[in-house]
Amino acid sequence: MLFSRLLFASSLFLIVFTFLAPLSWADTQKQNDLEHKEPIQDLATTIQSSEKVDLAELFKSFPGRWVGEGRMYSKGGKVDIVKCRVTYFLSEDSSQLKQNIRCASAGGKIEVKSVIHQDGENISGTWHETIYEMKGELSGRAIKDGLLVRIKGTFLQATMQLLHLKGKQVAEIQFNHETLVGLTLVLKKG
């Protein structure tokens, strides 16, 4: 049950979703080795970008089904492989994004439904994990090529960076949790 809650927490924001593990982007890229033939780009540079972002246009890059895998890091050095499928639906006016997430590992599975609203460069919304009946809110802002998201719930607080790079979604999540450290995922459309 605890692992399933942790898996839920980690998968929650592929958006929806910088981790605490002492790994550099290069280390993470080596560990995942998920078909990256060249460096994607430095995430710190992306975060610091002050370039104006059109969130409605960014939302248009989400719709469809995305699949992939990643690594979940726990305190004490435990690493688990996580496989995820994420489906996004965009409203006609591009102001709302619905997200359905299904993730599984050897230790459990989760299913999350999120609704994300955009207002200028800011986002807000809600999430609901349907297996364990957990709920919460999310907020954040657009950055070049992606989103920075703050996730809150009764048992969960996290920050996430979600990037759209070279036809992939790269999510790095940092948790404020007693046992979970972070999650790195790479998803491809398809």
# chains A, B, ... in the order shown; residues from 1 in each chain; ligands from 1
$ residues_around --residues "Ile123 (chain A)" --least-positions-apart "6" --cutoff "8 Å" --atoms "only C-alpha atoms" --output "list in words"
Ile116, His117, Leu138, Ser139, Gly140, Arg141 and Ala142 of chain A
$ residues_around --residues "Ala104 (chain A)" --least-positions-apart "5" --cutoff "7 Å" --atoms "only C-alpha atoms" --output "JSON, numbers by chain"
{"A": [82, 83, 84, 109, 110]}
$ write_last_selection --atoms "C-alpha atoms" --output "CSV table (one decimal), in the first residue's frame"
chain,number,residue,atom,x,y,z
A,82,VAL,CA,8.1,2.7,-13.7
A,83,LYS,CA,6.1,2.3,-16.9
A,84,CYS,CA,3.5,4.9,-17.7
A,109,LYS,CA,-0.2,0.8,-10.0
A,110,ILE,CA,-2.0,4.1,-10.0
$ closest_residue --among "A:Ser95, A:Gly108, A:Tyr132, A:Ala171" --to "Gly120 (chain A)" --atoms "only C-alpha atoms"
A:Ser95
$ residues_around --residues "Ser74 (chain A)" --least-positions-apart "5" --cutoff "6 Å" --atoms "only C-alpha atoms" --output "JSON, numbers by chain"
{"A": [179, 180, 181]}
$ residues_around --residues "His128 (chain A)" --least-positions-apart "6" --cutoff "12 Å" --atoms "only C-alpha atoms" --output "ChimeraX atom specification"
/A:8-9,12-13,98-101,110-116,134-138,151-154
$ write_last_selection --atoms "N, CA and C atoms" --output "short mmCIF file (atom, residue, chain, number, x, y, z; two decimals), in the first residue's frame"
data_model
loop_
_atom_site.label_atom_id
_atom_site.label_comp_id
_atom_site.auth_asym_id
_atom_site.auth_seq_id
_atom_site.Cartn_x
_atom_site.Cartn_y
_atom_site.Cartn_z
N PHE A 8 1.88 6.40 -6.86
CA PHE A 8 0.87 7.39 -7.21
C PHE A 8 1.45 8.79 -7.15
N ALA A 9 2.12 9.09 -6.06
CA ALA A 9 2.67 10.42 -5.86
C ALA A 9 3.67 10.75 -6.96
N LEU A 12 1.99 11.18 -10.49
CA LEU A 12 0.93 12.16 -10.52
C LEU A 12 1.17 13.25 -11.52
N PHE A 13 2.31 13.77 -11.60
CA PHE A 13 2.47 14.90 -12.47
C PHE A 13 3.60 14.76 -13.42
N LYS A 98 -7.19 18.01 -20.13
CA LYS A 98 -7.52 16.88 -19.26
C LYS A 98 -6.44 15.83 -19.45
N GLN A 99 -6.06 15.19 -18.36
CA GLN A 99 -4.97 14.24 -18.37
C GLN A 99 -5.39 12.96 -17.66
N ASN A 100 -5.16 11.83 -18.29
CA ASN A 100 -5.38 10.52 -17.66
C ASN A 100 -4.03 9.81 -17.61
N ILE A 101 -3.62 9.40 -16.42
CA ILE A 101 -2.32 8.76 -16.21
C ILE A 101 -2.53 7.35 -15.68
N ILE A 110 -1.17 2.93 -10.34
CA ILE A 110 -2.00 4.07 -10.01
C ILE A 110 -2.76 4.51 -11.26
N GLU A 111 -3.84 5.24 -11.04
CA GLU A 111 -4.60 5.87 -12.13
C GLU A 111 -5.00 7.26 -11.64
N VAL A 112 -4.60 8.27 -12.39
CA VAL A 112 -4.85 9.65 -12.00
C VAL A 112 -5.56 10.38 -13.13
N LYS A 113 -6.57 11.17 -12.76
CA LYS A 113 -7.25 12.04 -13.71
C LYS A 113 -7.03 13.47 -13.23
N SER A 114 -6.59 14.32 -14.14
CA SER A 114 -6.31 15.72 -13.80
C SER A 114 -7.03 16.62 -14.79
N VAL A 115 -7.37 17.82 -14.31
CA VAL A 115 -7.91 18.87 -15.16
C VAL A 115 -7.05 20.10 -14.91
N ILE A 116 -6.47 20.64 -15.99
CA ILE A 116 -5.56 21.77 -15.87
C ILE A 116 -6.11 22.94 -16.69
N MET A 134 -7.43 9.47 -3.67
CA MET A 134 -6.69 10.63 -3.17
C MET A 134 -6.93 11.79 -4.13
N LYS A 135 -6.93 13.02 -3.57
CA LYS A 135 -7.22 14.21 -4.38
C LYS A 135 -6.32 15.36 -3.97
N GLY A 136 -6.23 16.36 -4.85
CA GLY A 136 -5.46 17.54 -4.52
C GLY A 136 -5.55 18.59 -5.61
N GLU A 137 -4.66 19.57 -5.47
CA GLU A 137 -4.62 20.70 -6.39
C GLU A 137 -3.25 20.82 -7.01
N LEU A 138 -3.18 21.55 -8.12
CA LEU A 138 -1.91 21.84 -8.75
C LEU A 138 -1.91 23.28 -9.22
N ILE A 151 2.52 20.59 -6.80
CA ILE A 151 1.47 19.60 -6.57
C ILE A 151 1.19 19.53 -5.07
N LYS A 152 -0.09 19.58 -4.69
CA LYS A 152 -0.45 19.50 -3.27
C LYS A 152 -1.62 18.55 -3.08
N GLY A 153 -1.54 17.80 -1.99
CA GLY A 153 -2.61 16.90 -1.59
C GLY A 153 -2.44 16.58 -0.13
N THR A 154 -3.36 15.81 0.43
CA THR A 154 -3.30 15.46 1.84
C THR A 154 -2.00 14.77 2.21
#
